[in-house]
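Chemist: Structure incoming, see below.
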Amino acid sequence: MVNRIFTIFVIIGIPLSVIGSVLHWPSVIMFAVYCLTIIALAGFMGRATESLAIVAGPRIGGLLNATFGNAVELIISIFALKEGLVGVVLASLTGSVLGNLLLVAGLSFFVGGLKFKRQEFNVYDARHNSGLLMFAVIVAFVIPEVFAFNMNETKTLSLSIGVSVILIVLYLAALLFKLVTHRGAYQHHSDVVEEHEEPEWSKKKAIIILLLSTIAVAYVSENLVHTFHTVGEQFGWSELFIGVIIVAIVGNAAEHASAIIMAYKNKMNIAVEIAIGSTLQVAMFVAPLLVLISLFFTVKMPLVFTLPELISMVTAVLLTISITNDGDTNWFEGATLLAAYIIMGIGFYLL
C-alpha cells in the first residue's frame with residue numbers, strides 16, 4: 001500500500017517539479033510538491049537499500065541504509081550552502097542527530113515494542129556506538145564551540161577544518177574496525193536468529209534504482225532550497241525551525257521508514273544500526289564533509305552550532321546512551337525518546 005502511494009507520488013511529483021519550476025508556480029505549492037517527491041524518492045532508495053541489505057547482511061545493510069538515507073540530506077545541504085544558507089545547514093545537521101536518535105529510534109522501539117514485549121539487539125555494538133556518540137557530538141561539537149568564544153572567524157574556521165579532518169579519519173577507522181579487523185569478534189546470540197529472506201529486487205535492479213533516485217533527488221533538492229526563504233516568511237518559520245524539523249524529516253525519510261519496518265519485523269540489529277549508525281555518519285562524516293565543501297563556496301561554514309542546537313544534541317546523546325546500553329528495549333523506552341523529540345520540536349518552533 002505505502003509502496004503504491006510512493007510510486008504514484010514519484011510518477012506525478014517529478015513531472016510537476018519540472019513544470020512548476022519552469023513556469024514559476026507559487027513557492028508554497030512547490031515546497032509541498034518538492035517535499036512529497038523527495039520523501040517518495042527516498043522510499044524507493046529505502047527499498048533498494050533493503051534489497052541490497054538482505055544480500056549483504058545486517059551490518060553492511062544498516063550502513064547502506066544510513067549512507068543512502070543521508071545522501072538525500074547531503075545533497076539538500078550542498079545546495080543550501082551554495083545559496084549561503086549556513087544556518088539552515090547547521091540546523092538540518094542538528095535535526096538529523098535529534099531525528100535519528102529520538103524520532104527514528106523512538107518510533108522503532110515504540111512500534112516494535114507494541115508487537116514484541118521485549119526486543120534485543122547486539123549489546124557490544126550499542127556500547128561501541130555509545131563511545132563514538134560521546135566523541136562525535138560531545139567532544140567534537142562542544143569543544144569548537146567553547147574555543148570559538150575567544151577566536152576570530154579565521155581561527156574558528158581553521159579549528160573547524162582541523163576537527164572535520166579528524167572526524168572523517170576516525171569515522172573511516174570505525175568502519176575498518178567494525179567491518180574488517182573486528183568483524184564477528186563481538187557476536188551476540190540475537191544476531192544469529194534471523195530467518196532467511198528474499199530481496200524484493202535483484203542486486204542490479206536495486207543499484208540502478210538507487211542511482212536514478214539519487215539523480216532525481218539532486219534535481220528536486222536544488223529547487224526545494226530556493227523555496228525556503230518565501231515559505232519561512234509566509235508561515236513565520238525561522239531558519240532554525242526549517243533546518244531542524246522540515247529539512248531533517250524530509251532528508252531522512254528513507255531511513256525513518258526502513259528502521260521502523262525493521263523493528264516491526266523484530267530485526268532490531270538493523271533498526272538500531274540505521275538509527276544510531278546514521279547519527280554517527282551525520283556527525284562524523286556528513287557534517288565535517290560539508291565544512292570542507294563550504295570552502296569552495298563564497299560563505300564558509302564553521303562547525304559551530306547555536307547553544308539550543310548544541311544542548312539539544314548533547315541531551316539526545318545522553319538519553320539514547322542510557323536507554324540503549326543494556327542491549328534491549330520496549331515500547332515505553334520508545335515513548336520516552338519520542339517525548340524528548342516533541343519537547344525539543346516545540347522549543348525550536350517557538351524560538
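We label chains A, B, ... in the order they appear in the C-alpha cells, count residues from 1 in each chain, and number ligands from 1 in the order shown.
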Could you please write out, as a count of residues only, every residue of segment 1-125 of chain A that DSSP assigns to alpha helix (DSSP H)?
Modeler: 104
Chemist: Which residues, written as a PyMOL selection string, have at least one atom at most 9 Å from Glu198 of chain A, with only C-alpha atoms counted and residues fewer than 3 positions away on the same chain left out?
Modeler: chain A and resi 51+54-55+201
Chemist: Please provide as a PyMOL selection string all residues within 10 Å of Val247 of chain A, with the sequence filter that same-chain residues fewer than 6 positions apart are discarded (counting only C-alpha atoms).
Modeler: chain A and resi 35+72-73+76-77+88-89+91-93+95-96+224-225+228+241+253
Chemist: Which residues are close to Ile342 of chain A, i.e. within 12 Å by only C-alpha atoms, leaving aside same-chain residues fewer than 4 positions away? Reply as a list in words.
Modeler: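 Using only C-alpha atoms, the neighbours found are Leu98, Gly99, Leu102, Leu103, Gly106, Ile245, Ser312, Ala316, Ala335, Thr336, Leu337, Leu338, Ile346, Gly347, Phe348 and Tyr349 of chain A.
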Chemist: Hey, what's within 8 Å of segment 17-29 of chain A if we count only C-alpha atoms and toss same-chain stuff fewer than 5 positions away? As a ChimeraX atom specification, please?
Modeler: /A:34,220,223,227,230-231
Chemist: Can those selected residues be exported to a file as a PDB file, in the first residue's frame so that it contains N, CA and C atoms?
Modeler:
```
ATOM      1  N   TYR A  34       7.795  19.468  -3.837  1.00  0.00           N
ATOM      2  CA  TYR A  34       9.197  19.007  -3.721  1.00  0.00           C
ATOM      3  C   TYR A  34       9.383  18.077  -2.523  1.00  0.00           C
ATOM      4  N   VAL A 220      15.475  17.785  -7.575  1.00  0.00           N
ATOM      5  CA  VAL A 220      14.346  18.326  -6.787  1.00  0.00           C
ATOM      6  C   VAL A 220      14.868  19.123  -5.583  1.00  0.00           C
ATOM      7  N   ASN A 223      15.810  22.743  -6.294  1.00  0.00           N
ATOM      8  CA  ASN A 223      14.629  23.608  -6.384  1.00  0.00           C
ATOM      9  C   ASN A 223      13.988  23.846  -5.020  1.00  0.00           C
ATOM     10  N   THR A 227      12.929  27.600  -2.282  1.00  0.00           N
ATOM     11  CA  THR A 227      11.615  27.979  -1.714  1.00  0.00           C
ATOM     12  C   THR A 227      11.691  28.318  -0.225  1.00  0.00           C
ATOM     13  N   THR A 230      10.876  32.153   1.033  1.00  0.00           N
ATOM     14  CA  THR A 230       9.464  32.566   0.890  1.00  0.00           C
ATOM     15  C   THR A 230       8.559  31.801   1.843  1.00  0.00           C
ATOM     16  N   VAL A 231       8.765  30.490   1.919  1.00  0.00           N
ATOM     17  CA  VAL A 231       7.929  29.650   2.792  1.00  0.00           C
ATOM     18  C   VAL A 231       8.118  30.052   4.259  1.00  0.00           C
TER      19      VAL A 231
END
```
Chemist: I'd like the interatomic distance between atom CA of Asn70 of chain A and atom CA of Asn325 of chain A, to a tenth of an Å.
Modeler: 24.5 Å
Chemist: Show which residues sit within 10 Å of Thr279 of chain A, as a PyMOL selection string. Count only C-alpha atoms, and ignore same-chain residues fewer than 5 positions away.
Modeler: chain A and resi 66+70+93-94+96-101+129+133+136-137+273-274+284-286+317
Chemist: Which polymer residues have any atom within 10 Å of an atom of Phe44 of chain A, counting only C-alpha atoms, with same-chain residues fewer than 6 positions away left out, as a ChimeraX atom specification?
Modeler: /A:3,6-7,10,38,50,206,209-210,212-214,254
Chemist: Create the file for the chosen residues now, containing N, CA, C and O atoms and written as a CSV table (one decimal), in the first residue's frame.
Modeler:
```csv
chain,number,residue,atom,x,y,z
A,3,ASN,N,4.0,1.5,-0.7
A,3,ASN,CA,4.9,1.4,-1.9
A,3,ASN,C,4.1,2.0,-3.1
A,3,ASN,O,4.7,2.7,-3.9
A,6,PHE,N,3.9,5.8,-2.8
A,6,PHE,CA,5.2,6.4,-3.2
A,6,PHE,C,5.4,6.3,-4.7
A,6,PHE,O,5.9,7.3,-5.3
A,7,THR,N,5.0,5.2,-5.3
A,7,THR,CA,5.2,5.1,-6.8
A,7,THR,C,4.3,6.2,-7.5
A,7,THR,O,4.8,6.9,-8.4
A,10,VAL,N,5.9,9.6,-7.1
A,10,VAL,CA,7.1,9.8,-7.9
A,10,VAL,C,6.7,10.1,-9.4
A,10,VAL,O,7.2,11.0,-10.0
A,38,ILE,N,10.5,14.2,-2.8
A,38,ILE,CA,11.7,13.7,-2.2
A,38,ILE,C,11.5,12.5,-1.2
A,38,ILE,O,12.2,11.5,-1.2
A,50,GLU,N,17.3,-1.8,1.1
A,50,GLU,CA,16.8,-3.0,1.9
A,50,GLU,C,17.1,-4.3,1.1
A,50,GLU,O,17.5,-5.3,1.7
A,206,ALA,N,18.4,-3.0,-8.0
A,206,ALA,CA,18.4,-2.2,-6.8
A,206,ALA,C,19.4,-1.1,-7.0
A,206,ALA,O,19.2,0.1,-6.7
A,209,ILE,N,18.1,1.5,-9.5
A,209,ILE,CA,17.0,2.4,-8.9
A,209,ILE,C,17.7,3.4,-7.9
A,209,ILE,O,17.3,4.6,-7.9
A,210,LEU,N,18.7,2.9,-7.2
A,210,LEU,CA,19.4,3.8,-6.3
A,210,LEU,C,20.0,5.0,-7.0
A,210,LEU,O,19.9,6.2,-6.6
A,212,LEU,N,19.3,6.2,-10.1
A,212,LEU,CA,18.3,7.1,-10.7
A,212,LEU,C,17.6,8.0,-9.7
A,212,LEU,O,17.4,9.2,-9.9
A,213,SER,N,17.3,7.4,-8.5
A,213,SER,CA,16.6,8.1,-7.4
A,213,SER,C,17.5,9.2,-6.9
A,213,SER,O,17.0,10.3,-6.6
A,214,THR,N,18.8,8.9,-6.8
A,214,THR,CA,19.7,9.9,-6.3
A,214,THR,C,19.8,11.1,-7.2
A,214,THR,O,19.8,12.3,-6.8
A,254,ALA,N,13.9,8.2,4.1
A,254,ALA,CA,14.2,6.8,3.7
A,254,ALA,C,14.5,6.0,4.9
A,254,ALA,O,13.9,4.9,5.1
```
